[in-house]
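Asker: I have a structure here, written as structure tokens, and I will follow up with some questions on it.
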Protein chains: 2
Amino acid sequence: MKIIAIVSGGLDSISMLYHYASMGGSYRPEHEISVLSFDYGQRHKKELAFAEQAARHIDAPFDVIDLSGLTKHIGGNSLTDSIPVPDGHYAEENMKITVVPNRNAIMLSIAYGIAVARQADAVAIAVHAGDHFIYPDCREEFTKSFEEMQNKAINGFGNVRLLTPFIESSKSDIVLKGQAAGTPFIETWSCYKGLDIHCGACGTCVERKEAFLLAGVKDPTTYLR
Amino acid sequence: MKIIAIVSGGLDSISMLYHYASMGGSYRPEHEISVLSFDYGQRHKKELAFAEQAARHIDAPFDVIDLSGLTKHIGGNSLTDSIPVPDGHYAEENMKITVVPNRNAIMLSIAYGIAVARQADAVAIAVHAGDHFIYPDCREEFTKSFEEMQNKAINGFGNVRLLTPFIESSKSDIVLKGQAAGTPFIETWSCYKGLDIHCGACGTCVERKEAFLLAGVKDPTTYLR
């Protein structure tokens, strides 16, 4: 299967990449994977270097789509603006301001355009159950609806499935699945603050720590606190 | 109603803009309109100047989203590549190569992101019945499905309708509706070739000529042939 994988450089998307590329470390030749990242002016842009590194490791083509021109139109949130990133657990109301409006629909529709141009079979995205509470565009009712919409949009031009292998997985499930696929977790980036090391206090850092703890897998990450 | 109008600078989208902005030349204060254009590396980029001019005329904010970085990933068609634009009527198989894969889904998802950021009520796009035959993403089954998908994607963050006022209109119907709204047709651009004047031979030029003829409205356009 020819797969366009949307990879941010985070724990989830790189685990997904290894999930399709390898099983227990051995390469799976049945998938031809290419890696797609997005630069939407995010503060934690260093995650893109982790996406590129992962693509290199599995010998996949890597492309970054530059959407940084969108930032000034689509701002009003702390991932792209000068609003401070809030500390604390994801499941708090103030984490809503980390949302880039409609980000998944935008990334997926561009990935589908590329999939049609390259005659790929599938687009893959690492949305997971832990994101459902706050982000409507990480829920299965969205991803199913998106796939239906795309079937209509590219009818006659391509046949592209939407793969969401982690849609029912918790973040700790992803750690277990990522481990089984041989994912080098140290080469993934979660923190929203974009410092030299993970801050250990923002929503994604708290969630990352918790995921390793719940999975019973040693966390190789160095945190500021 | 606060409307984000997707305007290419062509006959259809500028007629739609005047349709919402004015009726018979008088301004309709019930709508607060902003104009959104896309630069996707199209050969006929001069149409964007017509979009900007129309926005100025109705005193609406104008923004261009730069997607030109997409071109090299999403190419393979004559709107953005060096493949010659075919002459002839739209309803011919070779016009398929003028398609930018998934263009409407990409533009609409970005417009929805902006609509959420600006707390707008609607996104408007000028897809019409004449495009249904070749372009699946101009059909009502696509636009309905897109609106449903978006309701799920932005659930809790916004409430944005998708307006498709011309979805059942032929191009000649649009000429009549555009005329009723006081559209200055001379300030619209259709030709795919991007010369100084309309070429008169490409698919959109043939269609444009035919629309004025069928509507019985004088065509103010100067054509090369």
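The way I read the labels, and the way they are meant: chains A, B, ... in the order of the structure tokens, residue 1 as the first residue of every chain, and ligand 1 as the first ligand shown, with later ones counted on from there.
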Distance cut-off 7 Å, counting only C-alpha atoms - which residues of chain B neighbour chain A? Return them as an MDAnalysis selection string.
Answerer: chainID B and resid 65:66 69:70 73:76 101:102 105:106 109:110 112:114 116:117 136:137 141:142 145:146 149 152:155
Asker: Which is closest to Ser190 (chain B) among B:Leu163, B:Ala122, B:Leu176, B:Val206, if we use only C-alpha atoms?
Answerer: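 So, comparing all the options, the nearest one is B:Val206.
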Asker: Which residue, B:Asp59, B:Glu30, B:Asp219, B:Asp173, has the smallest gap to Glu187 (chain B) when you use only C-alpha atoms?
Answerer: B:Asp219
Asker: Which residues in region 9-212 of chain A does DSSP call strand (DSSP E or B)? List them as a PyMOL selection string.
Answerer: chain A and resi 22-23+26-27+32-39+62-66+87+122-124+161-163+198+202
Asker: Just C-alpha atoms for this one: save the residues we selected as an mmCIF file, in the first residue's frame.
Answerer:
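Printed below is result-v4.cif as written:
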```cif
data_model
loop_
_atom_site.group_PDB
_atom_site.id
_atom_site.type_symbol
_atom_site.label_atom_id
_atom_site.label_comp_id
_atom_site.auth_asym_id
_atom_site.auth_seq_id
_atom_site.Cartn_x
_atom_site.Cartn_y
_atom_site.Cartn_z
ATOM 1 C CA SER A 22 8.527 -1.871 10.556
ATOM 2 C CA MET A 23 7.441 -4.549 12.938
ATOM 3 C CA SER A 26 12.334 -5.406 10.497
ATOM 4 C CA TYR A 27 11.255 -3.397 7.467
ATOM 5 C CA GLU A 32 5.608 2.388 0.293
ATOM 6 C CA ILE A 33 5.550 5.306 2.704
ATOM 7 C CA SER A 34 6.167 8.994 2.246
ATOM 8 C CA VAL A 35 6.270 11.461 5.123
ATOM 9 C CA LEU A 36 4.421 14.775 5.057
ATOM 10 C CA SER A 37 4.915 17.523 7.640
ATOM 11 C CA PHE A 38 3.352 20.966 7.964
ATOM 12 C CA ASP A 39 4.935 24.234 8.960
ATOM 13 C CA PHE A 62 10.078 13.755 3.314
ATOM 14 C CA ASP A 63 8.206 16.943 2.420
ATOM 15 C CA VAL A 64 7.227 19.974 4.470
ATOM 16 C CA ILE A 65 4.217 21.980 3.328
ATOM 17 C CA ASP A 66 4.703 25.637 4.168
ATOM 18 C CA ASP A 87 0.881 24.560 32.043
ATOM 19 C CA ALA A 122 -4.027 6.029 1.700
ATOM 20 C CA VAL A 123 -3.416 9.009 3.941
ATOM 21 C CA ALA A 124 -2.520 8.188 7.562
ATOM 22 C CA ARG A 161 -8.429 5.589 2.247
ATOM 23 C CA LEU A 162 -7.986 7.462 5.501
ATOM 24 C CA LEU A 163 -5.967 5.412 7.999
ATOM 25 C CA HIS A 198 11.073 19.094 27.032
ATOM 26 C CA CYS A 202 2.897 21.947 29.476
#
```
Asker: Using only C-alpha atoms for the distances, tell me which of A:Ile167, A:Leu17, A:Val7, A:Ala126 is nearest to Ala181 (chain A).
Answerer: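 Once distances to Ala181 (chain A) are computed over only C-alpha atoms, the minimum belongs to A:Leu17.
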